[in-house]
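Quick look at model-v1.txt (compact mmCIF, C-alpha atoms):
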# COMPACT_ATOMS: atom_id res chain seq x y z
CA MET A 1 144.82 -47.53 96.36
CA SER A 2 144.08 -44.69 93.97
CA THR A 3 140.45 -44.41 95.08
CA ASP A 4 139.14 -41.29 96.80
CA SER A 5 140.13 -40.70 100.41
CA ASN A 6 136.50 -41.34 101.41
CA THR A 7 136.58 -44.85 99.97
CA SER A 8 138.59 -47.65 101.50
CA GLY A 9 139.42 -50.86 99.71
CA LYS A 10 141.29 -54.08 100.19
CA LEU A 11 142.57 -56.95 98.13
CA PHE A 12 140.09 -59.81 97.87
CA SER A 13 140.91 -63.32 96.63
CA GLU A 14 138.51 -65.32 94.46
CA GLY A 15 139.31 -68.14 92.09
CA LYS A 16 142.93 -67.67 91.04
CA THR A 17 142.76 -63.88 91.22
CA GLN A 18 143.17 -60.99 93.64
CA PHE A 19 141.33 -57.73 93.02
CA TYR A 20 140.39 -54.61 94.97
CA VAL A 21 136.93 -54.29 96.52
CA PRO A 22 135.34 -51.77 98.90
CA THR A 23 135.86 -52.76 102.51
CA ASN A 24 132.18 -52.23 103.34
CA SER A 25 131.20 -54.79 100.66
CA LEU A 26 132.82 -57.43 102.87
CA GLU A 27 131.24 -56.14 106.06
CA GLN A 28 127.61 -55.42 105.12
CA SER A 29 124.81 -57.62 103.84
CA PRO A 30 123.40 -56.91 101.36
CA PRO A 31 126.49 -55.14 100.01
CA PRO A 32 125.99 -51.39 99.50
CA ARG A 33 126.13 -49.72 96.11
CA THR A 34 128.53 -47.07 97.37
CA PRO A 35 131.38 -46.41 96.96
CA ALA A 36 131.14 -49.20 94.36
CA PHE A 37 129.24 -52.47 94.15
CA PHE A 38 130.70 -55.91 94.81
CA ASN A 39 128.81 -59.02 95.93
CA THR A 40 130.83 -61.82 97.55
CA MET A 41 127.81 -64.14 97.16
CA ALA A 42 128.05 -64.03 93.36
CA LYS A 43 131.16 -66.23 93.17
CA LEU A 44 129.27 -69.16 91.62
CA LYS A 45 127.83 -66.80 89.02
CA ARG A 46 131.33 -65.61 88.08
CA ASP A 47 132.67 -69.18 88.07
CA LEU A 48 129.89 -70.19 85.68
CA LEU A 49 130.56 -67.30 83.34
CA ILE A 50 134.30 -68.01 83.15
CA THR A 51 133.68 -71.69 82.37
CA ILE A 52 131.04 -70.97 79.72
CA PHE A 53 133.22 -68.22 78.22
CA ASP A 54 136.19 -70.60 77.93
CA SER A 55 134.01 -73.36 76.49
CA TYR A 56 132.63 -71.03 73.81
CA ALA A 57 135.99 -69.39 73.07
CA SER A 58 137.73 -72.76 72.71
CA GLN A 59 135.57 -73.38 69.63
CA CYS A 60 136.51 -70.05 68.01
CA ASP A 61 139.38 -69.59 65.58
CA ASP A 62 141.15 -66.97 67.67
CA LYS A 63 141.11 -65.22 71.04
CA ILE A 64 137.96 -63.20 71.60
CA THR A 65 136.67 -59.93 73.07
CA PHE A 66 134.52 -59.52 76.17
CA SER A 67 132.38 -56.61 77.33
CA ASP A 68 132.01 -56.16 81.10
CA THR A 69 129.29 -53.63 80.36
CA LEU A 70 128.19 -52.72 83.88
CA SER A 71 131.42 -53.59 85.62
CA GLY A 72 131.05 -52.49 89.22
CA VAL A 73 134.52 -53.13 90.65
CA GLY A 74 135.22 -55.35 87.62
CA ALA A 75 135.32 -58.68 89.47
CA THR A 76 134.07 -60.68 86.49
CA GLY A 77 136.33 -59.05 83.93
CA ILE A 78 139.43 -59.02 86.15
CA ARG A 79 139.04 -62.72 86.90
CA LEU A 80 138.39 -63.50 83.24
CA ALA A 81 141.46 -61.57 82.11
CA ASN A 82 143.62 -63.33 84.68
CA GLU A 83 142.21 -66.87 84.48
CA SER A 84 141.24 -67.38 80.82
CA ASN A 85 143.67 -68.18 78.00
CA TYR A 86 141.23 -66.94 75.36
CA ILE A 87 141.10 -63.19 76.03
CA LYS A 88 141.95 -60.84 73.18
CA LYS A 89 140.70 -57.76 75.03
CA ILE A 90 138.26 -56.96 77.85
CA TYR A 91 136.31 -53.72 77.85
CA PHE A 92 135.32 -52.47 81.31
CA ASN A 93 132.60 -49.84 81.63
CA ASP A 94 130.79 -48.22 84.54
CA THR A 95 129.35 -44.77 85.27
CA ASN A 96 130.76 -44.84 88.81
CA VAL A 97 134.19 -43.21 88.94
CA ASN A 98 135.02 -45.03 92.19
CA ALA A 99 134.29 -48.37 90.47
CA ILE A 100 136.65 -47.41 87.66
CA ASN A 101 139.38 -46.62 90.20
CA TYR A 102 139.02 -50.08 91.76
CA ILE A 103 139.23 -51.62 88.27
CA ASN A 104 142.38 -49.69 87.39
CA ASP A 105 144.05 -50.68 90.66
CA SER A 106 143.15 -54.34 90.10
CA LEU A 107 144.44 -54.27 86.52
CA LYS A 108 147.72 -52.80 87.70
CA HIS A 109 148.02 -55.31 90.56
CA ASN A 110 147.58 -58.22 88.14
CA ASN A 111 149.62 -56.73 85.27
CA LEU A 112 146.60 -56.89 82.98
CA ASN A 113 146.55 -53.39 81.48
CA SER A 114 147.59 -54.65 78.05
CA LEU A 115 144.42 -56.77 77.87
CA ALA A 116 142.02 -54.06 79.04
CA GLU A 117 140.26 -50.91 77.97
CA VAL A 118 138.36 -48.93 80.62
CA SER A 119 135.62 -46.34 80.12
CA THR A 120 133.13 -44.33 82.18
CA ASN A 121 129.91 -44.24 80.23
CA GLU A 122 126.20 -44.92 80.34
CA ALA A 123 125.79 -48.53 79.22
CA ASN A 124 123.71 -47.91 76.08
CA LYS A 125 126.06 -45.14 74.96
CA PHE A 126 129.04 -47.41 75.61
CA LEU A 127 127.55 -50.27 73.57
CA SER A 128 126.60 -47.90 70.74
CA ASN A 129 130.32 -47.32 70.13
CA PHE A 130 130.69 -50.96 69.03
CA THR A 131 127.91 -51.42 66.47
CA ASP A 132 130.18 -51.34 63.40
CA ARG A 133 130.61 -54.88 62.13
CA GLU A 134 134.39 -54.94 62.63
CA ASN A 135 134.20 -53.63 66.22
CA ARG A 136 131.50 -55.82 67.72
CA PHE A 137 132.04 -58.00 70.78
CA ASP A 138 132.24 -61.77 70.84
CA PHE A 139 130.77 -62.03 74.35
CA ILE A 140 128.75 -59.43 76.29
CA ASP A 141 127.83 -59.58 79.96
CA LEU A 142 124.85 -57.48 81.10
CA ASP A 143 124.38 -57.57 84.88
CA PRO A 144 122.42 -54.47 85.99
CA PHE A 145 120.51 -53.60 89.13
CA GLY A 146 116.92 -54.63 88.40
CA SER A 147 115.81 -55.22 84.82
CA PRO A 148 118.19 -55.56 81.85
CA ILE A 149 115.45 -54.83 79.34
CA GLN A 150 116.58 -51.27 78.55
CA TYR A 151 120.01 -52.51 77.43
CA ILE A 152 119.09 -55.51 75.28
CA ASP A 153 118.62 -53.70 71.97
CA SER A 154 122.02 -51.98 72.29
CA ALA A 155 123.69 -55.25 73.30
CA ILE A 156 122.30 -57.13 70.30
CA ARG A 157 123.59 -54.46 67.91
CA ALA A 158 127.03 -54.55 69.58
CA LEU A 159 127.36 -58.35 69.44
CA LYS A 160 128.86 -60.37 66.60
CA ILE A 161 126.67 -62.91 64.83
CA ASN A 162 126.86 -66.17 66.81
CA GLY A 163 128.27 -64.27 69.79
CA ILE A 164 127.12 -64.90 73.35
CA LEU A 165 125.02 -62.60 75.53
CA SER A 166 124.98 -63.23 79.27
CA LEU A 167 121.85 -61.55 80.62
CA THR A 168 121.01 -61.14 84.32
CA ALA A 169 117.86 -59.79 85.97
CA THR A 170 117.42 -59.03 89.67
CA ASP A 171 113.80 -57.87 89.47
CA GLY A 172 112.57 -61.32 90.43
CA ALA A 173 109.29 -60.15 91.94
CA VAL A 174 108.29 -58.76 88.55
CA LEU A 175 109.37 -61.77 86.50
CA CYS A 176 108.18 -64.42 88.96
CA GLY A 177 104.55 -63.33 89.13
CA VAL A 178 104.26 -60.99 92.11
CA TYR A 179 103.72 -58.00 89.80
CA PRO A 180 102.36 -59.46 86.54
CA LYS A 181 101.14 -56.11 85.16
CA VAL A 182 104.59 -54.58 85.64
CA CYS A 183 106.07 -57.60 83.85
CA LEU A 184 103.66 -57.10 80.97
CA ARG A 185 104.70 -53.46 80.72
CA LYS A 186 108.44 -54.11 80.96
CA TYR A 187 108.92 -57.43 79.20
CA GLY A 188 105.79 -57.65 77.05
CA SER A 189 104.74 -60.81 78.88
CA LEU A 190 102.31 -61.69 81.67
CA SER A 191 104.06 -63.50 84.54
CA LEU A 192 102.56 -66.10 86.89
CA ASN A 193 103.43 -67.08 90.44
CA THR A 194 103.72 -70.89 90.63
CA GLU A 195 106.04 -73.47 92.20
CA TYR A 196 108.22 -73.25 89.07
CA PHE A 197 108.20 -69.42 89.11
CA ASN A 198 111.90 -69.10 88.25
CA GLU A 199 111.51 -71.15 85.09
CA THR A 200 108.62 -68.93 84.03
CA ALA A 201 110.83 -65.91 84.75
CA LEU A 202 113.75 -67.05 82.62
CA ARG A 203 111.42 -68.09 79.80
CA ILE A 204 109.94 -64.58 79.86
CA MET A 205 113.46 -63.14 79.63
CA LEU A 206 114.20 -65.40 76.67
CA PHE A 207 110.95 -64.34 74.97
CA SER A 208 111.87 -60.67 75.35
CA LEU A 209 115.35 -61.32 74.00
CA ALA A 210 113.96 -63.32 71.06
CA SER A 211 111.40 -60.61 70.34
CA ILE A 212 113.98 -57.80 70.26
CA SER A 213 116.40 -59.94 68.23
CA SER A 214 113.69 -60.58 65.66
CA HIS A 215 113.59 -56.84 64.90
CA TYR A 216 116.92 -57.43 63.17
CA GLU A 217 115.92 -60.79 61.63
CA LEU A 218 118.14 -62.54 64.18
CA GLY A 219 117.38 -65.68 66.15
CA ILE A 220 118.45 -66.91 69.57
CA LYS A 221 119.86 -70.17 70.86
CA PRO A 222 119.83 -70.58 74.67
CA ILE A 223 123.01 -72.13 76.06
CA PHE A 224 122.47 -72.30 79.81
CA CYS A 225 120.15 -70.80 82.43
CA HIS A 226 120.69 -70.36 86.13
CA THR A 227 118.80 -68.78 89.04
CA ASP A 228 119.14 -68.25 92.75
CA LYS A 229 117.22 -66.12 95.25
CA HIS A 230 119.01 -62.98 94.06
CA TYR A 231 119.03 -63.26 90.26
CA ILE A 232 117.81 -64.91 87.07
CA GLN A 233 120.45 -65.45 84.38
CA VAL A 234 120.48 -66.72 80.80
CA TYR A 235 123.35 -67.37 78.39
CA VAL A 236 122.19 -67.03 74.79
CA GLN A 237 123.83 -67.22 71.38
CA ILE A 238 122.50 -64.65 68.92
CA THR A 239 122.26 -66.26 65.48
CA ASP A 240 121.69 -64.93 61.96
CA SER A 241 118.71 -67.23 61.45
CA ILE A 242 115.25 -66.07 62.52
CA SER A 243 114.14 -69.67 62.04
CA ASP A 244 115.92 -70.50 65.32
CA THR A 245 113.04 -68.68 67.04
CA GLU A 246 110.12 -69.93 64.93
CA GLY A 247 107.77 -72.26 66.80
CA LYS A 248 109.51 -71.55 70.10
CA LEU A 249 107.36 -68.68 71.38
CA GLY A 250 104.06 -69.45 73.04
CA PHE A 251 102.11 -69.59 76.27
CA LEU A 252 102.03 -71.41 79.58
CA ARG A 253 98.81 -72.71 81.12
CA HIS A 254 98.58 -73.79 84.74
CA CYS A 255 95.53 -75.42 86.29
CA PRO A 256 94.96 -74.26 89.89
CA GLU A 257 92.61 -77.19 90.51
CA CYS A 258 94.65 -80.25 89.52
CA ASN A 259 98.13 -78.63 89.20
CA HIS A 260 98.53 -79.61 85.56
CA ARG A 261 100.88 -77.43 83.49
CA ASP A 262 102.04 -77.32 79.90
CA VAL A 263 103.03 -74.97 77.06
CA SER A 264 101.66 -74.37 73.57
CA GLU A 265 102.12 -71.92 70.70
CA PHE A 266 98.66 -70.46 71.27
CA PRO A 267 96.85 -69.71 74.56
CA ILE A 268 94.53 -72.49 75.77
CA LEU A 269 92.23 -71.65 78.69
CA SER A 270 90.79 -75.06 79.57
CA CYS A 271 92.68 -77.81 81.42
CA ASN A 272 92.85 -80.95 79.30
CA LEU A 273 92.91 -83.13 82.45
CA CYS A 274 90.07 -81.75 84.58
CA SER A 275 88.45 -79.15 82.25
CA SER A 276 88.87 -76.35 84.84
CA ASN A 277 89.80 -72.83 83.80
CA CYS A 278 93.55 -72.38 83.68
CA LYS A 279 95.77 -69.43 84.51
CA LEU A 280 97.95 -68.19 81.67
CA ALA A 281 101.42 -66.70 81.38
CA GLY A 282 103.12 -65.40 78.30
CA PRO A 283 104.19 -65.00 75.70
CA ILE A 284 107.20 -67.02 76.82
CA TRP A 285 110.02 -69.03 75.26
CA ILE A 286 108.77 -72.62 74.96
CA GLY A 287 111.87 -74.09 73.29
CA ASN A 288 114.93 -75.70 74.83
CA ILE A 289 116.88 -73.72 77.42
CA PHE A 290 120.09 -75.79 77.48
CA ASP A 291 122.59 -76.60 74.73
CA LYS A 292 124.05 -80.09 75.11
CA SER A 293 127.07 -79.60 72.86
CA LEU A 294 128.47 -76.53 74.63
CA LEU A 295 127.64 -77.94 78.07
CA ASN A 296 129.59 -81.11 77.26
CA ILE A 297 132.57 -78.90 76.45
CA SER A 298 131.96 -77.02 79.71
CA ILE A 299 132.15 -80.28 81.64
CA ASP A 300 135.51 -81.02 80.02
CA ASN A 301 136.74 -77.50 80.90
CA SER A 302 135.52 -77.45 84.48
CA THR A 303 137.63 -78.49 87.45
CA ASP A 304 134.87 -77.52 89.90
CA SER A 305 132.70 -80.48 90.92
CA ASN A 306 129.75 -78.18 91.71
CA LEU A 307 129.79 -76.72 88.20
CA THR A 308 130.24 -80.16 86.64
CA LYS A 309 127.18 -81.41 88.51
CA LEU A 310 125.11 -78.43 87.32
CA PHE A 311 126.12 -79.00 83.70
CA GLU A 312 125.43 -82.74 83.92
CA ILE A 313 121.93 -82.13 85.30
CA ALA A 314 121.28 -79.48 82.64
CA ILE A 315 122.26 -81.92 79.91
CA SER A 316 119.96 -84.60 81.32
CA GLU A 317 116.99 -82.25 81.54
CA SER A 318 117.59 -80.66 78.12
CA SER A 319 115.46 -83.37 76.48
CA MET A 320 112.65 -83.03 79.04
CA PRO A 321 109.40 -81.05 78.64
CA PRO A 322 109.21 -77.49 80.01
CA LEU A 323 107.93 -76.69 83.54
CA TYR A 324 109.31 -78.78 86.38
CA TYR A 325 107.52 -80.26 89.41
CA VAL A 326 108.55 -80.01 93.07
CA THR A 327 108.43 -83.15 95.23
CA ASP A 328 107.33 -81.28 98.37
CA ASN A 329 104.28 -79.88 96.57
CA ILE A 330 103.27 -83.34 95.37
CA SER A 331 103.57 -84.89 98.83
CA GLN A 332 101.65 -81.98 100.34
CA ASN A 333 98.82 -82.24 97.81
CA LEU A 334 98.57 -86.01 98.34
CA LYS A 335 98.92 -85.63 102.12
CA ILE A 336 101.80 -88.08 102.24
CA SER A 337 105.27 -87.90 103.76
CA SER A 338 107.87 -86.00 101.75
CA PHE A 339 110.24 -88.06 99.64
CA PRO A 340 113.61 -87.49 97.94
CA VAL A 341 113.85 -86.64 94.25
CA GLU A 342 115.59 -89.97 93.58
CA THR A 343 112.46 -91.80 94.73
CA ILE A 344 110.18 -90.17 92.18
CA LEU A 345 112.77 -90.55 89.41
CA SER A 346 113.05 -94.25 90.14
CA LYS A 347 109.27 -94.74 90.29
CA LEU A 348 108.74 -92.82 87.06
CA ASN A 349 111.35 -94.98 85.35
CA GLU A 350 109.68 -98.14 86.65
CA ASN A 351 106.43 -96.90 85.09
CA ASN A 352 108.06 -96.27 81.69
CA PHE A 353 108.23 -92.48 81.95
CA ILE A 354 111.34 -90.40 81.35
CA SER A 355 112.49 -87.95 84.02
CA SER A 356 115.37 -85.86 85.27
CA ARG A 357 116.42 -83.56 88.07
CA THR A 358 116.54 -79.83 87.29
CA VAL A 359 119.20 -77.20 88.02
CA LEU A 360 116.40 -74.75 88.82
CA HIS A 361 115.23 -76.36 92.09
CA SER A 362 116.96 -78.64 94.57
CA THR A 363 113.87 -80.85 94.98
CA GLY A 364 112.50 -80.34 91.48
CA PHE A 365 112.24 -82.77 88.57
CA ARG A 366 111.08 -82.90 84.97
CA THR A 367 109.10 -85.69 83.35
CA ASN A 368 106.88 -86.50 80.39
CA ALA A 369 104.27 -87.81 82.86
CA ASN A 370 101.36 -85.49 83.60
CA VAL A 371 100.30 -84.64 87.13
CA ASN A 372 97.61 -87.36 87.27
CA GLU A 373 100.13 -89.98 86.20
CA ILE A 374 102.61 -88.72 88.80
CA ASN A 375 99.97 -88.84 91.55
CA LYS A 376 98.92 -92.39 90.63
CA ILE A 377 102.43 -93.60 91.35
CA PHE A 378 102.00 -92.69 95.02
CA ILE A 379 98.32 -93.49 95.51
As structure tokens, what does this structure read like?
Amino acid sequence: MSTDSNTSGKLFSEGKTQFYVPTNSLEQSPPPRTPAFFNTMAKLKRDLLITIFDSYASQCDDKITFSDTLSGVGATGIRLANESNYIKKIYFNDTNVNAINYINDSLKHNNLNSLAEVSTNEANKFLSNFTDRENRFDFIDLDPFGSPIQYIDSAIRALKINGILSLTATDGAVLCGVYPKVCLRKYGSLSLNTEYFNETALRIMLFSLASISSHYELGIKPIFCHTDKHYIQVYVQITDSISDTEGKLGFLRHCPECNHRDVSEFPILSCNLCSSNCKLAGPIWIGNIFDKSLLNISIDNSTDSNLTKLFEIAISESSMPPLYYVTDNISQNLKISSFPVETILSKLNENNFISSRTVLHSTGFRTNANVNEINKIFI
């Protein structure tokens, strides 16, 4: 490898691609940030991005450009360049010279240099080079350590109208309600720690993105959202219509007494089921978080059964109300034995309610039934 003598690397296989990664990334958990960052556990995340990229690009008139803005060793971009048929050019960028060396070695190994441009720059400065209308990206991936908030404005200005922004946050404790004051300072929204904390987190991210986009009279259209214990991720189309955001920003209220939850455009303090004082979160995005049309294309493009299942669940829950429930919490509150998700879905259907699983929790579900109506099914 062409990396410094103090850094050792090896070829790593993922998907249909081989690329160079630091040896210690494969030996230590969590993976270290030096000499360059690579996380083996993020394979699903990269698989999702490639599938969504291909699904979006297949609807475009020509091959498209991709910005791997905070590349690390370039795993996402290298795989995309090697595995997608829709790449016009991929732009790799990272401030870490060692990371750039790994990228260059991987590009050479895969004969991908003609599809790539590599730079060593601070992310905002890098994105600022692509704000002219003719130079903007079709698809931007922002995957920083911690919060992405400081890069969003630059990314929006560097993205074509109707382009896709993939946005990842790893400051889950802030977004999920452990540090609500920090969330208010960073994202302009008060977070709340509940059983559906990750949905609150991604809706806060979408609010912040919608708010910054509105500075330019642009709207947003969420495509897909995904979380695990390490990250919160949203895929969003930036549109030229501010009306795409109107009526979709609001507040969440959660009743600590009866466990009722809902959303509204304006903050409401009293629970409409038991009249107790509610806890509030927001502002948040209260609109849809999944796009059926693109996800149907993603199902057609996917050969991975795990991804297909995720997309199918997302499509089914796209017509459901915000804020999911967790079966274990319901059984615990009612002091009954735990039950599988399929049981509650079946019982809700028998009682003329609509319901669906959710991609955000393995034992979670969405329904138009309120918490009292759910409880009555088991009492």
Mind giving me the axis-aligned box for region 138-146 of chain A with 3 Å on every side, centre plus edges in Å to one decimal, as AutoDock Vina command-line options?
--center_x 124.6 --center_y -57.8 --center_z 80.0 --size_x 21.3 --size_y 14.4 --size_z 24.3
>> Under the rule that all atoms listed in the file are counted, which of A:Ser264, A:Ser346, A:Thr358, A:Ser58 is the nearest residue to Trp285 (chain A)?
In response: A:Ser264
>> Counting only C-alpha atoms, find residues at most 12 Å from (117.5, -55.1, 78.1) (file frame) and give them as a ChimeraX atom specification.
In response: /A:123-124,141-157,165-169,186-187,205-213
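The interatomic distance for the pair CA of Asn121 (chain A) and CA of Phe19 (chain A) works out to 21.8 Å.
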> Within 9 Å of (103.2, -62.9, 93.1), in the coordinates the file gives, what residues turn up when you count only C-alpha atoms, written out as a list in words?
Replying inline: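 Residues satisfying the cut-off, written out: Ala173, Val174, Cys176, Gly177, Val178, Tyr179, Pro180, Ser191, Leu192, Asn193 and Thr194 of chain A.
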Near-Lys181 (chain A) list (7 Å; all atoms listed in the file; drop same-chain fewer than 3 positions) as a short mmCIF file (atom, residue, chain, number, x, y, z; two decimals) with C-alpha atoms, in the coordinates of the input:
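Written file, result-v2.cif:
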data_model
loop_
_atom_site.label_atom_id
_atom_site.label_comp_id
_atom_site.auth_asym_id
_atom_site.auth_seq_id
_atom_site.Cartn_x
_atom_site.Cartn_y
_atom_site.Cartn_z
CA LEU A 184 103.66 -57.10 80.97
CA ARG A 185 104.70 -53.46 80.72
CA LEU A 190 102.31 -61.69 81.67
#
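Proximity ranking of A:Ile354, A:Leu323, A:Ala75, A:Leu294 relative to Ala42 (chain A) places A:Ala75 first, based on only C-alpha atoms.
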> Just how far from CA of Glu257 (chain A) is CA of Ser316 (chain A), in Å to one decimal?
Replying inline: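 That distance, rounded to one decimal, is 29.8 Å.
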> Which of these residues is nearest to Ile103 (chain A), using all atoms listed in the file: A:Arg79, A:Lys160, A:Lys63, A:Lys125?
Replying inline: A:Arg79
Closest-contact table, region 222-324 of chain A side, partner region 50-54 of chain A, 8 Å, counting only C-alpha atoms, as JSON lines:
{"residue": "A:Leu294", "atom": "CA", "partner": "A:Ile52", "partner_atom": "CA", "distance": 8.0}
{"residue": "A:Leu295", "atom": "CA", "partner": "A:Ile52", "partner_atom": "CA", "distance": 7.9}
{"residue": "A:Ser298", "atom": "CA", "partner": "A:Ile52", "partner_atom": "CA", "distance": 6.1}
{"residue": "A:Asn301", "atom": "CA", "partner": "A:Thr51", "partner_atom": "CA", "distance": 6.7}
{"residue": "A:Ser302", "atom": "CA", "partner": "A:Thr51", "partner_atom": "CA", "distance": 6.4}
> So which residues touch Val21 (chain A) within 7 Å, counting all atoms listed in the file, skipping near sequence neighbours fewer than 3 positions away, as a list in words?
Replying inline: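 Within the cut-off, the hits are Gly9, Lys10, Leu11, Phe12, Phe38, Val73 and Tyr102 of chain A.
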List the spatial neighbours of Thr34 (chain A) as an mmCIF file with C-alpha atoms, keeping the file's coordinate frame - criterion: any atom at most 9 Å away, all atoms listed in the file, same-chain residues fewer than 6 positions off excluded.
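part-v5.cif written:
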data_model
loop_
_atom_site.group_PDB
_atom_site.id
_atom_site.type_symbol
_atom_site.label_atom_id
_atom_site.label_comp_id
_atom_site.auth_asym_id
_atom_site.auth_seq_id
_atom_site.Cartn_x
_atom_site.Cartn_y
_atom_site.Cartn_z
ATOM 1 C CA THR A 7 136.580 -44.850 99.970
ATOM 2 C CA PRO A 22 135.340 -51.770 98.900
ATOM 3 C CA ASN A 24 132.180 -52.230 103.340
ATOM 4 C CA SER A 25 131.200 -54.790 100.660
ATOM 5 C CA ASN A 98 135.020 -45.030 92.190
#
> CA of Glu317 (chain A) and CA of Asp291 (chain A) are how many Å apart?
Replying inline: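 According to the coordinates, CA of Glu317 (chain A) and CA of Asp291 (chain A) are separated by 10.5 Å.
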> Neighbours of Thr17 (chain A) within 7 Å (only C-alpha atoms; same-chain residues fewer than 3 positions away dropped), as a ChimeraX atom specification?
Replying inline: /A:13-14,79,82
>> For a quick check of understanding, using all atoms listed in the file, which of A:Ser67, A:Asn93, A:Asn113, A:Asn198 has the smallest distance to Phe139 (chain A)?
In response: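 So, comparing all the options, the nearest one is A:Ser67.
Of the residues listed (A:Ser71, A:Thr131, A:Thr327, A:Thr170), A:Thr170 shows the shortest atom-to-atom separation from Thr227 (chain A); distances use all atoms listed in the file.
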> So which one's closest to Glu195 (chain A), A:His361, A:His226, A:Lys45, A:Lys279? Using all atoms listed in the file, please.
Replying inline: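 Residue with the minimum atom-to-atom distance to Glu195 (chain A): A:His361.
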Could you add N, CA and C atoms to region 265-276 of chain A and give me the result as a PDB file, in the frame of the given file?
ATOM      1  N   GLU A 265     101.867 -73.123  71.494  1.00  0.00           N
ATOM      2  CA  GLU A 265     102.120 -71.920  70.700  1.00  0.00           C
ATOM      3  C   GLU A 265     101.003 -70.898  70.837  1.00  0.00           C
ATOM      4  N   PHE A 266      99.800 -71.360  71.134  1.00  0.00           N
ATOM      5  CA  PHE A 266      98.660 -70.460  71.270  1.00  0.00           C
ATOM      6  C   PHE A 266      98.021 -70.653  72.647  1.00  0.00           C
ATOM      7  N   PRO A 267      97.432 -69.600  73.209  1.00  0.00           N
ATOM      8  CA  PRO A 267      96.850 -69.710  74.560  1.00  0.00           C
ATOM      9  C   PRO A 267      95.647 -70.645  74.588  1.00  0.00           C
ATOM     10  N   ILE A 268      95.641 -71.555  75.567  1.00  0.00           N
ATOM     11  CA  ILE A 268      94.530 -72.490  75.770  1.00  0.00           C
ATOM     12  C   ILE A 268      94.037 -72.309  77.198  1.00  0.00           C
ATOM     13  N   LEU A 269      92.770 -72.012  77.372  1.00  0.00           N
ATOM     14  CA  LEU A 269      92.230 -71.650  78.690  1.00  0.00           C
ATOM     15  C   LEU A 269      91.761 -72.832  79.508  1.00  0.00           C
ATOM     16  N   SER A 270      91.371 -73.924  78.852  1.00  0.00           N
ATOM     17  CA  SER A 270      90.790 -75.060  79.570  1.00  0.00           C
ATOM     18  C   SER A 270      91.826 -76.134  79.841  1.00  0.00           C
ATOM     19  N   CYS A 271      91.782 -76.712  81.052  1.00  0.00           N
ATOM     20  CA  CYS A 271      92.680 -77.810  81.420  1.00  0.00           C
ATOM     21  C   CYS A 271      92.262 -79.079  80.691  1.00  0.00           C
ATOM     22  N   ASN A 272      93.198 -79.743  80.039  1.00  0.00           N
ATOM     23  CA  ASN A 272      92.850 -80.950  79.300  1.00  0.00           C
ATOM     24  C   ASN A 272      92.792 -82.187  80.197  1.00  0.00           C
ATOM     25  N   LEU A 273      93.039 -82.009  81.521  1.00  0.00           N
ATOM     26  CA  LEU A 273      92.910 -83.130  82.450  1.00  0.00           C
ATOM     27  C   LEU A 273      91.610 -83.066  83.250  1.00  0.00           C
ATOM     28  N   CYS A 274      91.267 -81.842  83.733  1.00  0.00           N
ATOM     29  CA  CYS A 274      90.070 -81.750  84.580  1.00  0.00           C
ATOM     30  C   CYS A 274      89.051 -80.740  84.054  1.00  0.00           C
ATOM     31  N   SER A 275      89.343 -80.104  82.917  1.00  0.00           N
ATOM     32  CA  SER A 275      88.450 -79.150  82.250  1.00  0.00           C
ATOM     33  C   SER A 275      88.217 -77.854  83.027  1.00  0.00           C
ATOM     34  N   SER A 276      88.994 -77.607  84.092  1.00  0.00           N
ATOM     35  CA  SER A 276      88.870 -76.350  84.840  1.00  0.00           C
ATOM     36  C   SER A 276      89.497 -75.212  84.029  1.00  0.00           C
TER      37      SER A 276
END
